[in-house]
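For reference, target.cif (mmCIF, C-alpha atoms):
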```cif
data_final
#
loop_
_atom_site.label_atom_id
_atom_site.label_comp_id
_atom_site.auth_asym_id
_atom_site.auth_seq_id
_atom_site.Cartn_x
_atom_site.Cartn_y
_atom_site.Cartn_z
CA MET A 1 0.00 0.00 0.00
CA PRO A 2 2.65 2.63 0.86
CA THR A 3 3.47 3.62 -2.68
CA GLY A 4 5.57 6.53 -1.56
CA ASN A 5 8.35 4.50 -0.16
CA ARG A 6 10.65 3.07 -2.76
CA SER A 7 13.77 2.77 -0.63
CA GLU A 8 15.10 -0.74 -0.50
CA GLY A 9 15.28 -2.76 2.66
CA GLU A 10 13.21 -0.43 4.90
CA ALA A 11 9.79 -0.93 6.45
CA PRO A 12 7.01 0.84 4.54
CA ILE A 13 5.86 4.24 5.86
CA SER A 14 2.25 5.40 6.16
CA VAL A 15 2.39 8.00 3.41
CA SER A 16 1.43 7.71 -0.21
CA ILE A 17 3.07 10.15 -2.60
CA LEU A 18 1.20 10.52 -5.87
CA ARG A 19 2.29 12.45 -8.89
CA GLN A 20 -0.31 14.75 -10.40
CA GLY A 21 1.05 16.73 -13.31
CA SER A 22 3.78 18.95 -11.98
CA TYR A 23 2.54 18.56 -8.42
CA LEU A 24 3.12 15.88 -5.83
CA ILE A 25 0.32 14.91 -3.47
CA ALA A 26 1.44 13.25 -0.24
CA SER A 27 -1.33 11.73 1.83
CA VAL A 28 -0.37 10.88 5.38
CA TYR A 29 -2.78 8.21 6.54
CA ALA A 30 -1.37 7.33 9.95
CA ALA A 31 0.73 9.06 12.55
CA LEU A 32 4.44 8.97 11.64
CA ASP A 33 7.17 8.36 14.17
CA ASP A 34 10.33 10.41 14.11
CA ASP A 35 12.22 7.94 11.95
CA GLU A 36 9.37 7.71 9.44
CA LEU A 37 9.16 11.51 9.25
CA GLY A 38 12.84 11.64 8.26
CA ARG A 39 12.37 9.02 5.59
CA PHE A 40 9.26 10.78 4.30
CA GLN A 41 11.25 14.03 3.99
CA ARG A 42 14.04 12.32 2.04
CA GLU A 43 11.63 10.48 -0.21
CA LEU A 44 9.63 13.61 -1.01
CA ILE A 45 12.74 15.65 -1.80
CA ARG A 46 13.97 12.82 -4.02
CA GLN A 47 10.73 12.78 -5.98
CA ILE A 48 10.62 16.57 -6.34
CA MET A 49 14.08 16.37 -7.89
CA ALA A 50 13.13 13.39 -10.04
CA PHE A 51 9.87 14.81 -11.39
CA ARG A 52 10.85 18.50 -11.35
CA SER A 53 7.67 19.19 -9.36
CA ARG A 54 6.60 22.78 -8.79
CA GLY A 55 4.14 22.20 -6.01
CA VAL A 56 3.59 19.79 -3.13
CA ILE A 57 0.39 19.12 -1.23
CA ILE A 58 0.68 17.33 2.09
CA ASP A 59 -2.69 16.00 3.20
CA VAL A 60 -2.87 15.40 6.95
CA ALA A 61 -6.66 14.93 7.18
CA ALA A 62 -6.25 11.45 8.66
CA LEU A 63 -4.26 12.73 11.65
CA ASP A 64 -6.15 13.47 14.84
CA VAL A 65 -3.04 14.48 16.76
CA MET A 66 0.01 16.47 15.78
CA ASP A 67 2.99 16.79 18.11
CA SER A 68 5.52 19.57 18.10
CA PHE A 69 8.13 17.44 16.34
CA GLY A 70 5.60 16.61 13.64
CA SER A 71 4.65 20.22 13.03
CA ARG A 72 8.30 21.33 13.04
CA SER A 73 9.15 18.59 10.55
CA LEU A 74 6.32 19.73 8.29
CA ARG A 75 7.54 23.31 8.46
CA ASP A 76 11.13 22.24 7.74
CA LEU A 77 9.91 20.09 4.89
CA ALA A 78 8.04 23.05 3.39
CA HIS A 79 11.18 25.17 3.59
CA MET A 80 13.29 22.42 2.02
CA THR A 81 10.90 21.96 -0.89
CA ARG A 82 10.94 25.74 -1.37
CA LEU A 83 14.71 25.50 -1.82
CA GLN A 84 14.08 22.83 -4.45
CA GLY A 85 11.71 25.19 -6.24
CA ALA A 86 8.44 23.62 -5.12
CA ILE A 87 5.79 25.35 -3.03
CA THR A 88 4.28 23.24 -0.24
CA VAL A 89 0.69 23.55 0.89
CA ILE A 90 -0.52 21.62 3.94
CA VAL A 91 -4.17 20.66 3.73
CA GLY A 92 -6.80 18.94 5.84
CA ILE A 93 -5.79 19.97 9.35
CA HIS A 94 -8.58 18.81 11.64
CA PRO A 95 -10.30 21.59 13.70
CA ASP A 96 -9.23 20.05 17.02
CA VAL A 97 -5.69 19.61 15.78
CA ALA A 98 -5.60 23.20 14.53
CA PHE A 99 -6.68 24.60 17.86
CA ALA A 100 -4.38 22.31 19.83
CA MET A 101 -1.44 23.39 17.67
CA VAL A 102 -2.17 27.05 18.33
CA ARG A 103 -2.68 26.47 22.05
CA LEU A 104 0.62 24.66 22.35
CA GLY A 105 2.40 27.34 20.39
CA MET A 106 3.30 25.11 17.44
CA ASP A 107 3.89 27.40 14.57
CA LEU A 108 3.91 26.48 10.91
CA GLY A 109 5.50 29.85 10.21
CA ASN A 110 4.59 31.17 6.78
CA VAL A 111 3.75 27.75 5.36
CA ARG A 112 0.53 27.90 3.39
CA THR A 113 -2.39 25.87 4.71
CA GLU A 114 -5.70 25.08 3.04
CA LEU A 115 -8.89 23.34 4.02
CA GLY A 116 -8.74 20.42 1.61
CA LEU A 117 -7.06 18.92 -1.40
CA GLU A 118 -9.21 20.83 -3.87
CA GLU A 119 -8.48 24.21 -2.28
CA GLY A 120 -4.81 23.27 -2.12
CA LEU A 121 -4.71 22.55 -5.86
CA VAL A 122 -6.42 25.88 -6.64
CA LEU A 123 -3.91 27.72 -4.45
CA LEU A 124 -0.96 25.99 -6.15
CA ASP A 125 -2.40 26.89 -9.56
CA ASP A 126 -2.57 30.52 -8.41
CA LEU A 127 0.93 30.52 -6.94
CA THR A 128 2.65 28.70 -9.77
CA GLY A 129 0.65 30.22 -12.59
CA GLY A 130 -1.26 27.06 -13.43
CA GLY A 131 1.72 24.76 -13.46
CA ARG A 132 -0.19 21.59 -14.12
CA LEU A 133 0.87 19.85 -17.29
CA SER A 134 -2.56 19.11 -18.55
CA PRO A 135 -3.76 18.94 -22.15
CA VAL A 136 -6.85 20.93 -21.20
CA SER A 137 -5.73 24.41 -20.25
CA ARG A 138 -7.49 25.78 -17.23
CA SER A 139 -9.34 29.02 -17.69
CA ARG A 140 -8.10 30.48 -14.42
CA MET B 1 -38.47 4.30 72.09
CA GLU B 2 -40.96 7.11 72.23
CA SER B 3 -41.53 8.64 75.62
CA PRO B 4 -45.06 8.46 76.99
CA ALA B 5 -45.45 12.20 76.51
CA GLU B 6 -44.61 11.94 72.81
CA GLN B 7 -46.95 9.05 72.39
CA ASP B 8 -49.63 11.09 74.02
CA ALA B 9 -48.96 13.94 71.70
CA SER B 10 -49.13 11.79 68.59
CA THR B 11 -52.35 10.07 69.56
CA ASP B 12 -53.66 13.48 70.49
CA HIS B 13 -52.87 14.68 66.95
CA GLU B 14 -54.56 11.68 65.47
CA GLN B 15 -57.68 12.42 67.39
CA LEU B 16 -57.68 16.14 66.83
CA LEU B 17 -56.81 16.23 63.14
CA PRO B 18 -60.11 14.71 61.96
CA GLU B 19 -61.94 17.30 64.00
CA LEU B 20 -59.78 20.03 62.56
CA VAL B 21 -60.33 18.78 59.01
CA ALA B 22 -64.06 18.52 59.57
CA HIS B 23 -64.13 22.12 60.77
CA LEU B 24 -62.14 23.37 57.76
CA ARG B 25 -64.34 21.40 55.36
CA GLY B 26 -67.45 22.76 57.06
CA SER B 27 -66.46 26.39 56.74
CA ARG B 28 -64.88 25.92 53.33
CA THR B 29 -66.94 28.50 51.44
CA GLN B 30 -66.49 31.24 53.98
CA LEU B 31 -62.77 30.67 54.63
CA ARG B 32 -61.97 30.32 50.97
CA GLN B 33 -63.71 33.61 50.22
CA GLU B 34 -61.90 35.33 53.06
CA TRP B 35 -58.57 34.02 51.83
CA ALA B 36 -59.24 35.19 48.28
CA ASN B 37 -60.20 38.61 49.63
CA ARG B 38 -57.02 38.86 51.64
CA ILE B 39 -54.95 37.91 48.62
CA THR B 40 -56.57 40.72 46.66
CA ASP B 41 -56.20 43.15 49.59
CA ALA B 42 -52.48 42.39 49.84
CA SER B 43 -52.35 42.96 46.05
CA LEU B 44 -50.63 39.62 45.57
CA LEU B 45 -51.02 37.75 42.25
CA SER B 46 -51.72 41.09 40.57
CA SER B 47 -51.11 39.51 37.17
CA MET B 48 -54.14 37.24 37.60
CA THR B 49 -57.86 38.10 37.43
CA PRO B 50 -60.04 37.77 40.57
CA GLN B 51 -61.85 34.80 38.96
CA GLU B 52 -58.57 33.03 38.36
CA ILE B 53 -57.41 33.75 41.89
CA PHE B 54 -60.67 32.38 43.24
CA SER B 55 -60.49 29.15 41.25
CA GLU B 56 -56.83 28.59 42.14
CA ALA B 57 -57.65 29.43 45.76
CA THR B 58 -60.35 26.76 45.72
CA SER B 59 -58.05 24.02 44.54
CA VAL B 60 -55.21 25.09 46.81
CA TYR B 61 -57.63 25.14 49.73
CA ASP B 62 -58.90 21.63 48.99
CA ASN B 63 -55.38 20.32 48.55
CA TYR B 64 -54.36 22.01 51.76
CA VAL B 65 -57.10 20.37 53.78
CA GLU B 66 -56.36 17.04 52.16
CA VAL B 67 -52.73 17.22 53.22
CA LEU B 68 -53.80 18.05 56.77
CA GLU B 69 -56.02 15.00 56.69
CA THR B 70 -53.68 12.45 55.10
CA GLY B 71 -50.34 13.90 56.18
CA SER B 72 -48.92 13.05 52.77
CA VAL B 73 -47.43 15.96 50.84
CA GLU B 74 -46.86 14.03 47.62
CA ALA B 75 -50.14 14.99 46.01
CA LEU B 76 -49.59 18.60 47.05
CA GLN B 77 -46.07 18.56 45.69
CA HIS B 78 -47.43 17.42 42.37
CA TYR B 79 -50.14 20.05 42.43
CA ALA B 80 -47.70 22.80 43.44
CA GLN B 81 -45.40 21.89 40.59
CA ASN B 82 -48.29 21.94 38.18
CA LEU B 83 -49.46 25.29 39.57
CA SER B 84 -45.94 26.72 39.25
CA GLU B 85 -45.75 25.63 35.63
CA ARG B 86 -48.93 27.54 34.95
CA ILE B 87 -48.18 30.72 36.89
CA ILE B 88 -44.44 31.22 36.26
CA PRO B 89 -45.01 32.25 32.63
CA ARG B 90 -47.58 34.78 33.97
CA GLY B 91 -44.80 36.52 35.89
CA VAL B 92 -45.79 35.45 39.40
CA GLU B 93 -42.95 36.09 41.84
CA THR B 94 -41.64 33.87 44.62
CA HIS B 95 -42.73 36.32 47.34
CA GLU B 96 -46.30 36.19 46.03
CA VAL B 97 -46.48 32.41 46.18
CA VAL B 98 -44.96 32.28 49.66
CA GLY B 99 -47.23 35.17 50.62
CA ILE B 100 -50.50 33.50 49.62
CA VAL B 101 -49.63 30.21 51.31
CA LEU B 102 -48.77 32.06 54.54
CA LEU B 103 -52.02 34.03 54.23
CA LEU B 104 -53.98 30.79 54.00
CA ARG B 105 -52.18 29.50 57.07
CA ASP B 106 -53.12 32.70 58.93
CA VAL B 107 -56.74 32.65 57.79
CA LEU B 108 -57.17 29.07 58.93
CA ALA B 109 -55.37 29.73 62.24
CA ARG B 110 -57.69 32.68 62.86
CA SER B 111 -60.75 30.56 62.31
CA LEU B 112 -59.37 28.01 64.75
CA PHE B 113 -58.82 30.74 67.36
CA GLU B 114 -62.34 31.89 66.83
CA LYS B 115 -63.82 28.43 67.22
CA TYR B 116 -61.83 27.29 70.24
CA HIS B 117 -61.15 30.56 72.05
CA SER B 118 -63.33 29.54 75.01
CA ASP B 119 -61.18 26.47 75.75
CA PHE B 120 -57.57 27.62 75.82
CA ALA B 121 -56.07 24.16 76.54
CA LEU B 122 -57.93 22.59 73.63
CA LEU B 123 -56.91 25.47 71.34
CA ASN B 124 -53.28 24.82 72.21
CA ARG B 125 -53.59 21.15 71.40
CA ILE B 126 -55.37 21.93 68.15
CA LEU B 127 -52.61 24.35 67.19
CA ASP B 128 -49.98 21.76 68.12
CA ALA B 129 -51.55 19.48 65.56
CA TYR B 130 -52.18 22.18 62.99
CA GLU B 131 -48.95 24.18 62.96
CA PRO B 132 -46.40 21.51 61.96
CA ALA B 133 -48.66 20.33 59.15
CA ALA B 134 -49.30 23.88 57.99
CA ASN B 135 -45.61 24.74 58.01
CA ARG B 136 -44.79 21.63 56.08
CA ILE B 137 -47.33 22.62 53.46
CA ALA B 138 -45.96 26.15 53.18
CA ASN B 139 -42.51 24.65 52.81
CA THR B 140 -43.56 22.19 50.14
CA VAL B 141 -45.33 24.77 48.02
CA SER B 142 -42.45 27.26 48.20
CA VAL B 143 -39.82 24.65 47.45
CA SER B 144 -41.81 23.31 44.51
CA PHE B 145 -42.20 26.80 43.14
CA VAL B 146 -38.50 27.62 43.46
CA GLN B 147 -37.52 24.27 41.94
CA GLU B 148 -39.81 24.87 39.00
CA ARG B 149 -38.34 28.33 38.53
CA GLU B 150 -34.82 26.94 38.59
CA ARG B 151 -35.81 24.34 36.04
CA VAL B 152 -37.17 27.07 33.77
CA ILE B 153 -33.98 29.11 34.23
CA ARG B 154 -31.80 26.11 33.39
CA GLN B 155 -33.87 25.43 30.31
CA GLN B 156 -33.53 29.04 29.21
CA GLN B 157 -29.77 28.98 29.80
CA ASP B 158 -29.53 25.93 27.56
CA SER B 159 -31.48 27.59 24.79
CA ILE B 160 -29.42 30.78 25.09
CA ARG B 161 -26.31 28.67 24.82
CA GLU B 162 -27.61 27.07 21.66
CA LEU B 163 -28.60 30.39 20.16
CA SER B 164 -25.51 32.23 21.19
CA THR B 165 -23.15 31.48 18.29
CA PRO B 166 -24.95 31.16 14.98
CA VAL B 167 -22.76 30.42 11.96
CA LEU B 168 -24.31 31.87 8.83
CA GLN B 169 -23.22 31.43 5.26
CA VAL B 170 -23.84 34.63 3.28
CA ARG B 171 -21.95 33.81 0.09
CA GLU B 172 -20.22 30.75 -1.21
CA ARG B 173 -17.25 30.17 1.12
CA LEU B 174 -18.06 33.23 3.23
CA LEU B 175 -19.40 32.81 6.77
CA ILE B 176 -20.61 35.35 9.29
CA LEU B 177 -20.58 34.86 13.05
CA PRO B 178 -22.46 37.66 14.77
CA ILE B 179 -21.74 37.65 18.50
CA ILE B 180 -23.99 39.51 20.92
CA GLY B 181 -23.50 39.82 24.64
CA VAL B 182 -20.77 39.04 27.10
CA LEU B 183 -18.08 36.62 25.97
CA ASP B 184 -17.09 34.47 28.93
CA ALA B 185 -14.61 31.60 28.85
CA GLN B 186 -17.26 28.99 28.14
CA ARG B 187 -18.90 30.94 25.32
CA THR B 188 -15.55 31.67 23.76
CA ARG B 189 -14.70 27.98 23.76
CA GLN B 190 -18.01 27.31 22.11
CA LEU B 191 -17.33 30.08 19.59
CA THR B 192 -14.01 28.44 18.65
CA GLU B 193 -15.67 25.08 18.22
CA GLN B 194 -18.49 26.47 16.09
CA LEU B 195 -16.14 28.56 13.99
CA LEU B 196 -13.68 25.75 13.23
CA SER B 197 -16.33 23.14 12.54
CA GLY B 198 -18.28 25.72 10.51
CA ILE B 199 -15.23 26.30 8.32
CA ARG B 200 -15.05 22.60 7.62
CA ALA B 201 -18.76 22.08 7.10
CA HIS B 202 -19.22 25.06 4.74
CA ARG B 203 -15.78 24.83 3.10
CA ALA B 204 -15.28 28.47 4.05
CA LYS B 205 -12.35 30.59 2.91
CA VAL B 206 -13.23 33.75 4.79
CA VAL B 207 -15.10 34.20 8.07
CA VAL B 208 -16.33 37.55 9.34
CA VAL B 209 -16.65 37.56 13.14
CA ASP B 210 -18.73 40.55 14.16
CA ILE B 211 -18.29 41.53 17.81
CA THR B 212 -20.21 44.81 17.70
CA GLY B 213 -22.47 43.43 20.42
CA VAL B 214 -19.62 42.53 22.77
CA PRO B 215 -18.85 45.37 25.15
CA ASP B 216 -15.58 44.15 26.62
CA VAL B 217 -13.42 41.05 26.93
CA ASP B 218 -10.83 40.05 29.48
CA VAL B 219 -7.26 39.17 28.62
CA SER B 220 -7.76 35.40 28.52
CA VAL B 221 -10.78 35.69 26.21
CA ALA B 222 -8.85 38.08 23.96
CA ASN B 223 -5.97 35.59 23.80
CA HIS B 224 -8.42 32.82 23.00
CA LEU B 225 -9.88 34.89 20.16
CA VAL B 226 -6.42 35.44 18.69
CA GLN B 227 -5.70 31.72 18.94
CA THR B 228 -8.98 30.97 17.19
CA VAL B 229 -7.94 33.25 14.34
CA ASP B 230 -4.60 31.40 14.08
CA ALA B 231 -6.29 28.00 14.14
CA SER B 232 -8.65 29.12 11.36
CA ARG B 233 -5.66 30.08 9.28
CA LEU B 234 -4.22 26.57 9.78
CA MET B 235 -7.47 25.29 8.33
CA GLY B 236 -7.06 27.55 5.34
CA ALA B 237 -9.60 30.22 6.23
CA GLY B 238 -8.97 33.90 6.89
CA VAL B 239 -10.83 35.60 9.73
CA ILE B 240 -11.93 39.21 9.60
CA ILE B 241 -12.97 40.70 12.93
CA THR B 242 -15.38 43.61 12.77
CA GLY B 243 -16.94 45.99 15.23
CA LEU B 244 -14.21 46.06 17.85
CA SER B 245 -15.13 48.35 20.70
CA SER B 246 -12.45 50.75 21.89
CA LYS B 247 -12.09 48.72 25.09
CA ILE B 248 -11.47 45.48 23.20
CA ALA B 249 -9.00 47.27 20.96
CA GLN B 250 -7.14 48.41 24.09
CA THR B 251 -7.12 44.88 25.49
CA LEU B 252 -5.81 43.43 22.23
CA VAL B 253 -3.01 45.98 22.11
CA ARG B 254 -2.19 45.36 25.76
CA ILE B 255 -1.70 41.63 25.19
CA GLY B 256 0.57 42.53 22.29
CA VAL B 257 -1.39 40.96 19.47
CA ASP B 258 0.47 40.52 16.17
CA LEU B 259 -1.44 42.93 13.95
CA SER B 260 0.03 41.48 10.77
CA LYS B 261 -1.94 38.32 11.49
CA MET B 262 -5.18 40.00 12.55
CA ASN B 263 -7.47 41.34 9.88
CA THR B 264 -9.87 43.82 11.44
CA VAL B 265 -12.37 46.16 9.83
CA GLY B 266 -14.45 48.84 11.53
CA ASP B 267 -17.97 47.61 10.93
CA LEU B 268 -19.78 44.56 9.61
CA GLN B 269 -20.50 46.16 6.24
CA GLY B 270 -16.83 46.94 5.73
CA GLY B 271 -15.95 43.41 6.82
CA ILE B 272 -18.29 41.82 4.30
CA GLU B 273 -16.99 44.10 1.55
CA GLU B 274 -13.40 43.15 2.42
CA ALA B 275 -14.35 39.46 2.47
CA GLU B 276 -16.04 39.77 -0.93
CA ARG B 277 -12.92 41.44 -2.30
CA LEU B 278 -10.76 38.58 -0.97
CA LEU B 279 -13.08 36.02 -2.54
CA GLY B 280 -13.27 37.91 -5.84
CA PHE B 281 -16.91 38.95 -5.65
CA THR B 282 -18.00 42.34 -6.91
CA VAL B 283 -21.37 43.65 -5.85
CA ARG B 284 -23.01 46.30 -8.01
CA ARG B 285 -26.41 47.89 -8.12
CA ALA B 286 -28.47 46.40 -10.95
CA ALA B 287 -29.12 49.92 -12.34
CA ASP B 288 -25.41 50.77 -12.42
CA ALA B 289 -24.59 47.50 -14.14
CA ASP B 290 -27.26 48.16 -16.82
CA ARG B 291 -25.91 51.64 -17.47
CA GLN B 292 -22.40 50.27 -17.94
CA GLN B 293 -23.65 47.74 -20.45
CA GLU B 294 -25.33 50.37 -22.61
#
```
Would you mind writing the file's structure down as structure tokens?
Amino acid sequence: MPTGNRSEGEAPISVSILRQGSYLIASVYAALDDDELGRFQRELIRQIMAFRSRGVIIDVAALDVMDSFGSRSLRDLAHMTRLQGAITVIVGIHPDVAFAMVRLGMDLGNVRTELGLEEGLVLLDDLTGGGRLSPVSRSR
Amino acid sequence: MESPAEQDASTDHEQLLPELVAHLRGSRTQLRQEWANRITDASLLSSMTPQEIFSEATSVYDNYVEVLETGSVEALQHYAQNLSERIIPRGVETHEVVGIVLLLRDVLARSLFEKYHSDFALLNRILDAYEPAANRIANTVSVSFVQERERVIRQQQDSIRELSTPVLQVRERLLILPIIGVLDAQRTRQLTEQLLSGIRAHRAKVVVVDITGVPDVDVSVANHLVQTVDASRLMGAGVIITGLSSKIAQTLVRIGVDLSKMNTVGDLQGGIEEAERLLGFTVRRAADADRQQE
């Protein structure tokens, strides 16, 4: 099931990374431990390089908790992808998680967040000037 | 073990109560009328008509005598609760209910004085039997009334709580939360909950929180509001706060709020216009639009 992990000889991680035109969509479907977060970061960066992606969406809708290490890793990841030339949008933060993150002072800095996948794609289209490589040109 | 004196007293009561009840039943019409008159004289139950007072007086009187006879307050409790349900919406106050029950006690005591005044020892024994029962009745009625009132108050609090934070969608992806009244810790928590779940349910991009109706907030509520705005941003929605009173503005500045993160507009109209601009809506008068087309 974990399609995102192509590294040899390691246990699969609970993230699927799908390629959608010039964007990558990473769906986290279970809480990641610290080791898995590191591997997820490496794998994502590798794919951005490989596919020359211009945008990344990280979907965390399945998570009902987010610890400070997790949110810092997400922020770091967003900054790293920026250095690779891809804009990261985090989508699907649960209301309870959002409020808990604010209460506990976990800051995603200036990382863009959106409600869901669809809104995330629209935002990426706006930010990258419609970077999707699609035969049907979008009117936006 | 009951002492002989106590036993005497209780058998005495048992013998005297039937006599007492018979007397009160016998002079029912006269006493009831006198009681109703005294209620009117004391201008109690002013929200009810004399006919209503008289008919309530009749049933209270009958219940009263029944309790004296049986010694069981359960039926009276039930009746008092029922009575309270009927009269509380009419605006009857606690002092009026207590007042009329005490008046009835006095009226009946007077009639007992009148009947037994020639035999002072017997009068005392009659009163010994009458007073505890009468006091228990007064107690029961008052307690039932207060309990009913508290139930009504609790019910109203619940409905206020439900009404207090409506989440309204005015345009696609634009929500309004008008907040009226004092924001305490509990209401603010509820506001956060409603706002964040409203964003998810309506797929909102912009939320206008109008606090024109909120006179002042304390520091912890202000902090909570700021956190709610931050949490909304994590969910991908911008919050515009409108109608800040000068006091709330002072509080927000005092807690050192990051103004680059807070989007505030003077009034609700301005807030909605700003939200429409953010969402790419333009609102024009139909007449102006027609003229432009021509």
I need the contact residues of chain B against chain A, so if you could list those with any atom within 6 Å, counting only C-alpha atoms, and return them as a PyMOL selection string, that would help.
chain B and resi 196+227+231+234-236
With the file shown as input, list the residues that the PyMOL selection byres ((chain B and resi 205-210) around 6) selects, as a tab-separated table (two decimals) with C-alpha atoms, in the frame of the given file.
```tsv
chain	number	residue	atom	x	y	z
B	173	ARG	CA	-17.25	30.17	1.12
B	174	LEU	CA	-18.06	33.23	3.23
B	175	LEU	CA	-19.40	32.81	6.77
B	176	ILE	CA	-20.61	35.35	9.29
B	177	LEU	CA	-20.58	34.86	13.05
B	178	PRO	CA	-22.46	37.66	14.77
B	204	ALA	CA	-15.28	28.47	4.05
B	211	ILE	CA	-18.29	41.53	17.81
B	212	THR	CA	-20.21	44.81	17.70
B	237	ALA	CA	-9.60	30.22	6.23
B	238	GLY	CA	-8.97	33.90	6.89
B	239	VAL	CA	-10.83	35.60	9.73
B	240	ILE	CA	-11.93	39.21	9.60
B	241	ILE	CA	-12.97	40.70	12.93
B	242	THR	CA	-15.38	43.61	12.77
B	243	GLY	CA	-16.94	45.99	15.23
```
If we count all atoms listed in the file and set the cut-off at 10 Å, which residues sit around A:Ser53, ignoring sequence neighbours fewer than 6 positions away in its own chain? Please answer as a CSV table (one decimal) with C-alpha atoms, in the frame of the given file.
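Below is the file selection29.csv, written as the result:
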```
chain,number,residue,atom,x,y,z
A,19,ARG,CA,2.3,12.4,-8.9
A,20,GLN,CA,-0.3,14.8,-10.4
A,21,GLY,CA,1.0,16.7,-13.3
A,22,SER,CA,3.8,19.0,-12.0
A,23,TYR,CA,2.5,18.6,-8.4
A,24,LEU,CA,3.1,15.9,-5.8
A,45,ILE,CA,12.7,15.6,-1.8
A,47,GLN,CA,10.7,12.8,-6.0
A,81,THR,CA,10.9,22.0,-0.9
A,84,GLN,CA,14.1,22.8,-4.4
A,85,GLY,CA,11.7,25.2,-6.2
A,86,ALA,CA,8.4,23.6,-5.1
A,87,ILE,CA,5.8,25.4,-3.0
A,131,GLY,CA,1.7,24.8,-13.5
A,132,ARG,CA,-0.2,21.6,-14.1
```
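What separates atom CA of B:Glu93 from atom CA of B:Glu34 is a distance of 22.0 Å.
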Just want the 9 Å neighbourhood of B:Arg149, counted on all atoms listed in the file, with same-chain residues fewer than 5 positions away dropped. Output as a ChimeraX atom specification.
/B:84-85,88,94,144,154
Expected selection from the PyMOL selection byres ((chain B and resi 139) around 12), given as a list in words
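Checked against the file, the PyMOL selection byres ((chain B and resi 139) around 12) matches Val73, Leu76, Gln77, Ala80, Val97, Val98, Gly99, Val101, Leu102, Arg105, Pro132, Ala133, Ala134, Asn135, Arg136, Ile137, Ala138, Thr140, Val141, Ser142, Val143, Ser144, Phe145, Val146 and Gln147 of chain B.
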Could you write out as a list of chain:residue names the residues that the PyMOL selection byres ((chain A and resi 62) around 10) matches in the shown file?
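Those residues are A:Ser27, A:Val28, A:Tyr29, A:Ala30, A:Ala31, A:Asp59, A:Val60, A:Ala61, A:Leu63, A:Asp64, A:Val65, A:Gly92, A:Ile93, A:His94.
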Within 8 Å of stretch 108-118 of chain B using only C-alpha atoms, minus same-chain residues under 4 positions, as an MDAnalysis selection string
chainID B and resid 24 31 104 122:123 127
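In this model, the gap between atom CA of B:Ile255 and atom CA of B:Thr188 comes to 17.1 Å.
Across A:Arg75, A:Arg52, A:Leu18, A:Leu37, the tightest approach to A:Thr88 is made by A:Arg75 when counting only C-alpha atoms.
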Assuming the input is short of atoms at stretch 187-198 of chain B, produce N, CA and C atoms for that part as a CSV table (one decimal), in the frame of the given file.
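The result, stored in out-v5.csv:
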```csv
chain,number,residue,atom,x,y,z
B,187,ARG,N,-18.4,30.5,26.6
B,187,ARG,CA,-18.9,30.9,25.3
B,187,ARG,C,-17.8,31.1,24.3
B,188,THR,N,-16.6,31.5,24.7
B,188,THR,CA,-15.6,31.7,23.8
B,188,THR,C,-15.1,30.3,23.2
B,189,ARG,N,-15.0,29.3,24.2
B,189,ARG,CA,-14.7,28.0,23.8
B,189,ARG,C,-15.7,27.5,22.7
B,190,GLN,N,-17.0,27.7,23.0
B,190,GLN,CA,-18.0,27.3,22.1
B,190,GLN,C,-17.9,28.0,20.8
B,191,LEU,N,-17.5,29.3,20.8
B,191,LEU,CA,-17.3,30.1,19.6
B,191,LEU,C,-16.2,29.4,18.7
B,192,THR,N,-15.1,29.1,19.4
B,192,THR,CA,-14.0,28.4,18.6
B,192,THR,C,-14.5,27.2,18.0
B,193,GLU,N,-15.2,26.4,18.7
B,193,GLU,CA,-15.7,25.1,18.2
B,193,GLU,C,-16.6,25.3,17.0
B,194,GLN,N,-17.5,26.2,17.2
B,194,GLN,CA,-18.5,26.5,16.1
B,194,GLN,C,-17.8,27.0,14.9
B,195,LEU,N,-16.8,27.9,15.1
B,195,LEU,CA,-16.1,28.6,14.0
B,195,LEU,C,-15.3,27.5,13.2
B,196,LEU,N,-14.5,26.7,13.9
B,196,LEU,CA,-13.7,25.8,13.2
B,196,LEU,C,-14.5,24.7,12.5
B,197,SER,N,-15.5,24.2,13.2
B,197,SER,CA,-16.3,23.1,12.5
B,197,SER,C,-17.2,23.7,11.4
B,198,GLY,N,-17.6,25.0,11.6
B,198,GLY,CA,-18.3,25.7,10.5
B,198,GLY,C,-17.4,25.9,9.3
```
